[in-house]
>>> print(open('run_24.pdb').read())   # PDB, C-alpha atoms
ATOM      1  CA  MET O 142     -68.016  59.902 -21.313
ATOM      2  CA  ALA O 143     -66.449  56.461 -21.564
ATOM      3  CA  MET O 144     -65.476  57.086 -25.206
ATOM      4  CA  ALA O 145     -63.816  60.373 -24.242
ATOM      5  CA  ASP O 146     -61.833  58.643 -21.485
ATOM      6  CA  MET O 147     -60.749  55.992 -23.970
ATOM      7  CA  ASN O 148     -59.604  58.642 -26.444
ATOM      8  CA  ILE O 149     -57.591  60.345 -23.701
ATOM      9  CA  SER O 150     -55.974  57.023 -22.730
ATOM     10  CA  VAL O 151     -55.069  56.280 -26.354
ATOM     11  CA  ALA O 152     -53.574  59.758 -26.713
ATOM     12  CA  ARG O 153     -51.486  59.272 -23.570
ATOM     13  CA  LEU O 154     -50.241  55.902 -24.807
ATOM     14  CA  TRP O 155     -49.366  57.436 -28.179
ATOM     15  CA  ARG O 156     -47.367  60.187 -26.466
ATOM     16  CA  LEU O 157     -45.412  57.471 -24.621
ATOM     17  CA  ALA O 158     -44.471  55.664 -27.853
ATOM     18  CA  PRO O 159     -40.709  55.488 -28.526
ATOM     19  CA  TRP O 160     -41.117  57.501 -31.743
ATOM     20  CA  SER O 161     -43.069  60.263 -29.995
ATOM     21  CA  GLY O 162     -41.797  63.802 -30.499
ATOM     22  CA  ASN O 163     -42.616  64.663 -26.883
ATOM     23  CA  PRO O 164     -39.599  66.699 -25.673
ATOM     24  CA  LEU O 165     -40.225  65.641 -22.071
ATOM     25  CA  MET O 166     -39.486  61.999 -22.862
ATOM     26  CA  ARG O 167     -36.071  60.940 -21.642
ATOM     27  CA  PRO O 168     -33.969  58.251 -23.360
ATOM     28  CA  SER O 169     -34.841  55.874 -20.512
ATOM     29  CA  ASP O 170     -38.545  56.469 -21.180
ATOM     30  CA  ARG O 171     -38.090  55.672 -24.855
ATOM     31  CA  LEU O 172     -36.112  52.531 -24.001
ATOM     32  CA  GLU O 173     -38.836  51.386 -21.621
ATOM     33  CA  SER O 174     -41.565  52.033 -24.205
ATOM     34  CA  LEU O 175     -39.542  50.185 -26.828
ATOM     35  CA  SER O 176     -39.139  47.198 -24.496
ATOM     36  CA  ILE O 177     -42.916  47.104 -23.940
ATOM     37  CA  LEU O 178     -43.510  47.008 -27.693
ATOM     38  CA  PHE O 179     -40.886  44.299 -28.100
ATOM     39  CA  VAL O 180     -42.409  42.154 -25.334
ATOM     40  CA  ALA O 181     -45.896  42.618 -26.804
ATOM     41  CA  LEU O 182     -44.561  41.369 -30.147
ATOM     42  CA  VAL O 183     -42.889  38.379 -28.503
ATOM     43  CA  LEU O 184     -46.087  37.529 -26.599
ATOM     44  CA  ALA O 185     -48.045  37.609 -29.857
ATOM     45  CA  MET O 186     -45.486  35.294 -31.458
ATOM     46  CA  LEU O 187     -45.630  32.909 -28.498
ATOM     47  CA  VAL O 188     -49.206  31.897 -29.368
ATOM     48  CA  PRO O 189     -48.424  30.209 -32.732
ATOM     49  CA  LEU O 190     -45.147  28.877 -31.332
ATOM     50  CA  ALA O 191     -47.034  27.265 -28.439
ATOM     51  CA  GLY O 192     -49.430  25.759 -30.982
ATOM     52  CA  ALA O 193     -46.475  24.322 -32.898
ATOM     53  CA  VAL O 194     -45.033  22.867 -29.675
ATOM     54  CA  GLY O 195     -48.397  21.277 -28.881
ATOM     55  CA  THR O 196     -48.714  19.811 -32.372
ATOM     56  CA  SER O 197     -45.175  18.434 -32.278
ATOM     57  CA  THR O 198     -45.744  16.956 -28.814
ATOM     58  CA  TYR O 199     -48.974  15.300 -29.926
ATOM     59  CA  SER O 200     -47.270  13.794 -32.980
ATOM     60  CA  GLY O 201     -44.419  12.462 -30.842
ATOM     61  CA  LEU O 202     -46.746  10.957 -28.242
ATOM     62  CA  SER O 203     -48.947   9.417 -30.935
ATOM     63  CA  ASP O 204     -45.926   7.877 -32.667
ATOM     64  CA  ALA O 205     -44.708   6.463 -29.354
ATOM     65  CA  SER O 206     -48.146   5.004 -28.596
ATOM     66  CA  ARG O 207     -48.338   3.479 -32.069
ATOM     67  CA  GLN O 208     -44.888   1.932 -31.674
ATOM     68  CA  VAL O 209     -45.817   0.502 -28.264
ATOM     69  CA  SER O 210     -49.009  -0.955 -29.748
ATOM     70  CA  GLN O 211     -46.962  -2.642 -32.483
ATOM     71  CA  THR O 212     -44.303  -4.139 -30.210
ATOM     72  CA  ASN O 213     -46.448  -4.973 -27.168
ATOM     73  CA  ARG O 214     -49.646  -6.983 -27.044
ATOM     74  CA  GLN O 215     -52.639  -7.717 -24.868
ATOM     75  CA  VAL O 216     -53.242 -11.011 -23.087
ATOM     76  CA  PRO O 217     -55.871 -12.136 -20.573
ATOM     77  CA  ALA O 218     -54.801 -12.307 -16.918
ATOM     78  CA  VAL O 219     -56.593 -13.907 -13.969
ATOM     79  CA  LEU O 220     -56.580 -12.036 -10.671
ATOM     80  CA  LEU O 221     -55.140 -14.045  -7.799
ATOM     81  CA  GLY O 222     -55.846 -11.518  -5.044
ATOM     82  CA  ASP O 223     -54.950  -8.182  -3.580
ATOM     83  CA  ALA O 224     -51.410  -6.844  -3.431
ATOM     84  CA  PRO O 225     -49.304  -8.560  -0.716
ATOM     85  CA  SER O 226     -49.051  -5.478   1.503
ATOM     86  CA  PRO O 227     -50.878  -2.173   1.960
ATOM     87  CA  GLN O 228     -47.730  -0.342   0.876
ATOM     88  CA  ALA O 229     -47.966  -2.016  -2.529
ATOM     89  CA  ARG O 230     -51.460  -0.728  -3.188
ATOM     90  CA  GLY O 231     -51.916   2.202  -5.502
ATOM     91  CA  THR O 232     -52.907   5.595  -4.214
ATOM     92  CA  GLY O 233     -54.858   6.742  -7.280
ATOM     93  CA  MET O 234     -57.799   5.326  -9.184
ATOM     94  CA  TYR O 235     -55.906   2.096  -9.826
ATOM     95  CA  ASP O 236     -55.173  -0.646  -7.285
ATOM     96  CA  ARG O 237     -52.459  -3.250  -7.595
ATOM     97  CA  ALA O 238     -53.261  -6.921  -7.490
ATOM     98  CA  ARG O 239     -51.488 -10.209  -8.078
ATOM     99  CA  ALA O 240     -52.380 -11.839 -11.376
ATOM    100  CA  GLU O 241     -51.380 -14.753 -13.566
ATOM    101  CA  TRP O 242     -51.107 -14.785 -17.342
ATOM    102  CA  SER O 243     -49.601 -17.066 -19.958
ATOM    103  CA  VAL O 244     -46.910 -16.271 -22.513
ATOM    104  CA  ASP O 245     -46.578 -18.920 -25.218
ATOM    105  CA  GLY O 246     -47.789 -21.561 -22.767
ATOM    106  CA  THR O 247     -45.501 -20.421 -19.934
ATOM    107  CA  PRO O 248     -47.348 -19.061 -16.883
ATOM    108  CA  ARG O 249     -46.291 -15.722 -15.446
ATOM    109  CA  THR O 250     -47.337 -13.991 -12.237
ATOM    110  CA  GLY O 251     -46.864 -10.465 -11.023
ATOM    111  CA  LEU O 252     -48.461  -7.293  -9.763
ATOM    112  CA  ILE O 253     -50.699  -5.443 -12.196
ATOM    113  CA  HIS O 254     -52.796  -2.297 -12.039
ATOM    114  CA  VAL O 255     -56.505  -3.043 -11.833
ATOM    115  CA  ASP O 256     -59.232  -0.562 -12.625
ATOM    116  CA  GLY O 257     -62.235  -1.597 -10.578
ATOM    117  CA  GLU O 258     -62.997  -4.304  -8.055
ATOM    118  CA  ILE O 259     -60.255  -6.764  -7.197
ATOM    119  CA  GLN O 260     -62.033 -10.120  -7.266
ATOM    120  CA  VAL O 261     -60.182 -13.435  -7.238
ATOM    121  CA  GLY O 262     -60.737 -15.292 -10.493
ATOM    122  CA  ARG O 263     -61.719 -12.180 -12.422
ATOM    123  CA  THR O 264     -60.175 -12.016 -15.903
ATOM    124  CA  VAL O 265     -58.747  -8.723 -17.143
ATOM    125  CA  ASP O 266     -56.810  -7.789 -20.247
ATOM    126  CA  ILE O 267     -53.249  -6.580 -19.647
ATOM    127  CA  TRP O 268     -50.417  -5.401 -21.851
ATOM    128  CA  ILE O 269     -47.117  -7.266 -21.969
ATOM    129  CA  ASP O 270     -43.815  -6.418 -23.645
ATOM    130  CA  PRO O 271     -42.038  -8.699 -26.155
ATOM    131  CA  GLU O 272     -40.421 -10.584 -23.220
ATOM    132  CA  GLY O 273     -43.815 -11.288 -21.683
ATOM    133  CA  ASN O 274     -43.444  -8.873 -18.751
ATOM    134  CA  TYR O 275     -46.365  -6.764 -17.611
ATOM    135  CA  THR O 276     -46.253  -3.201 -18.892
ATOM    136  CA  GLU O 277     -48.506  -0.169 -18.946
ATOM    137  CA  ALA O 278     -51.043   0.202 -21.733
ATOM    138  CA  PRO O 279     -50.133   2.615 -24.531
ATOM    139  CA  SER O 280     -51.546   6.087 -24.048
ATOM    140  CA  THR O 281     -54.836   6.891 -25.706
ATOM    141  CA  GLY O 282     -55.537   9.705 -28.125
ATOM    142  CA  ALA O 283     -57.215  11.727 -25.374
ATOM    143  CA  GLU O 284     -54.183  11.297 -23.087
ATOM    144  CA  ASN O 285     -51.870  12.356 -25.899
ATOM    145  CA  ALA O 286     -54.024  15.409 -26.587
ATOM    146  CA  PHE O 287     -54.010  16.309 -22.885
ATOM    147  CA  GLY O 288     -50.215  16.018 -22.794
ATOM    148  CA  ALA O 289     -49.888  18.145 -25.932
ATOM    149  CA  VAL O 290     -52.129  20.877 -24.515
ATOM    150  CA  GLY O 291     -50.139  20.808 -21.265
ATOM    151  CA  ALA O 292     -46.855  21.160 -23.173
ATOM    152  CA  ALA O 293     -48.210  24.088 -25.200
ATOM    153  CA  LEU O 294     -49.524  25.869 -22.102
ATOM    154  CA  MET O 295     -46.265  25.304 -20.254
ATOM    155  CA  PHE O 296     -44.273  26.708 -23.174
ATOM    156  CA  TRP O 297     -46.517  29.781 -23.325
ATOM    157  CA  ALA O 298     -46.429  30.234 -19.536
ATOM    158  CA  PHE O 299     -42.626  30.061 -19.318
ATOM    159  CA  GLY O 300     -42.267  32.377 -22.314
ATOM    160  CA  SER O 301     -44.711  34.889 -20.826
ATOM    161  CA  ALA O 302     -42.951  34.740 -17.462
ATOM    162  CA  GLY O 303     -39.647  35.439 -19.199
ATOM    163  CA  CYS O 304     -41.169  38.454 -20.955
ATOM    164  CA  VAL O 305     -42.527  39.805 -17.677
ATOM    165  CA  LEU O 306     -39.105  39.394 -16.047
ATOM    166  CA  VAL O 307     -37.479  41.281 -18.907
ATOM    167  CA  LEU O 308     -39.979  44.128 -18.519
ATOM    168  CA  LEU O 309     -39.426  44.277 -14.773
ATOM    169  CA  ALA O 310     -35.659  44.321 -15.251
ATOM    170  CA  VAL O 311     -35.827  47.123 -17.837
ATOM    171  CA  HIS O 312     -38.221  49.105 -15.645
ATOM    172  CA  SER O 313     -35.947  48.695 -12.618
ATOM    173  CA  LEU O 314     -32.837  49.748 -14.548
ATOM    174  CA  ALA O 315     -34.653  52.727 -16.055
ATOM    175  CA  ASN O 316     -35.867  53.831 -12.633
ATOM    176  CA  ARG O 317     -32.384  53.583 -11.149
ATOM    177  CA  TYR O 318     -30.997  55.590 -14.051
ATOM    178  CA  ARG O 319     -33.678  58.280 -13.626
ATOM    179  CA  LEU O 320     -33.063  58.472  -9.874
ATOM    180  CA  ARG O 321     -29.339  58.948 -10.444
ATOM    181  CA  CYS O 322     -30.036  61.710 -12.956
ATOM    182  CA  TRP O 323     -32.443  63.436 -10.583
ATOM    183  CA  GLN O 324     -29.922  63.178  -7.763
ATOM    184  CA  ARG O 325     -27.187  64.747  -9.905
ATOM    185  CA  GLU O 326     -29.506  67.580 -10.896
ATOM    186  CA  TRP O 327     -30.617  68.086  -7.299
ATOM    187  CA  ASP O 328     -26.992  68.212  -6.127
ATOM    188  CA  THR O 329     -26.304  71.069  -8.545
ATOM    189  CA  VAL O 330     -29.311  73.164  -7.498
ATOM    190  CA  GLY O 331     -27.422  75.092  -4.817
ATOM    191  CA  GLN O 332     -24.421  75.562  -7.130
ATOM    192  CA  THR O 333     -26.366  77.032 -10.022
ATOM    193  CA  ARG O 334     -25.906  80.779 -10.413
ATOM    194  CA  GLY O 335     -28.900  82.726  -9.204
ATOM    195  CA  TRP O 336     -30.168  79.885  -6.992
ATOM    196  CA  SER O 337     -29.940  79.849  -3.250
ATOM    197  CA  LEU O 338     -30.934  77.126  -0.782
ATOM    198  CA  ASN O 339     -31.164  79.666   2.104
TER
END
>>> encode(input="run_24.pdb", output="structure tokens")
Amino acid sequence: MAMADMNISVARLWRLAPWSGNPLMRPSDRLESLSILFVALVLAMLVPLAGAVGTSTYSGLSDASRQVSQTNRQVPAVLLGDAPSPQARGTGMYDRARAEWSVDGTPRTGLIHVDGEIQVGRTVDIWIDPEGNYTEAPSTGAENAFGAVGAALMFWAFGSAGCVLVLLAVHSLANRYRLRCWQREWDTVGQTRGWSLN
């Protein structure tokens, strides 16, 4: 029974194809069917394009991380205490703390992000830029991969949303056109010879 229903559905879809010889199909129906085929083709093409976007994003992020690793460096820093005010504390998994580190024998102090317990005297490794200022650590391979996957999914999502909007627009225009045609035909019913509305 299920196979018969599937065969009927396939036959109905085939009769709605733009190239169908069905005499009941109006030009607006053929245009709408053609737009569905076009959108299906675009959606299929979006998959490899999204993969290419993800690959390109990953390469760019990896190159940026590699460049940061070459220009910046890690130095040990000693924690001096918590951040000076509650407003300066982080809201995520990292807290901010005051720390001291040395750059070519010159001591530096500032706020750094600390992962874990903030304990005075604790030594942590931080990243500094060529001027000796504290900076964020370069992104890891996993972070780059996560960003690349996010970029690919966003590209596919926006592309799919655009396709859906195109379909909705075509469907709306086709419906308005059909309604106008029906209205014109209905207006001529009483004027057609041999017809009477009474």
>>> axis_aligned_box(input="run_24.pdb", around="segment 323-327 of chain O", padding_each_side="5 Å", output="lines of an AutoDock Vina configuration file")
center_x = -29.8
center_y = 65.6
center_z = -9.1
size_x = 15.3
size_y = 14.9
size_z = 13.6
>>> closest_residue(input="run_24.pdb", among="O:Leu220, O:Thr281, O:Ser174, O:Phe287", to="His254 of chain O", atoms="all atoms listed in the file")
O:Leu220
>>> residues_around(input="run_24.pdb", residues="Gly195 of chain O", least_positions_apart="2", cutoff="9 Å", atoms="all atoms listed in the file", output="PyMOL selection string")
chain O and resi 190-193+197-200+286+288-294+296
>>> resolve_selection(input="run_24.pdb", expression="the PyMOL selection byres ((chain O and resi 305) around 12)", output="list in words")
Ser176, Ile177, Phe179, Val180, Ala181, Val183, Leu184, Ala298, Phe299, Gly300, Ser301, Ala302, Gly303, Cys304, Leu306, Val307, Leu308, Leu309, Ala310, Val311 and His312 of chain O
>>> atom_distance(input="run_24.pdb", atom1="atom CA of Arg214 of chain O", atom2="atom CA of Gly246 of chain O")
15.3 Å
>>> closest_residue(input="run_24.pdb", among="O:Arg325, O:Gly282, O:Ala315, O:Arg239", to="Gly201 of chain O", atoms="all atoms listed in the file")
O:Gly282
>>> atom_distance(input="run_24.pdb", atom1="atom CA of Gln211 of chain O", atom2="atom CA of Ser243 of chain O")
19.3 Å
>>> residues_near_point(input="run_24.pdb", point="(-58.4, -9.1, -16.7)", cutoff="7 Å", atoms="only C-alpha atoms", output="ChimeraX atom specification")
/O:217-220,263-267
>>> closest_residue(input="run_24.pdb", among="O:Ser280, O:Arg319, O:Trp297, O:Trp327", to="Val188 of chain O", atoms="all atoms listed in the file")
O:Trp297
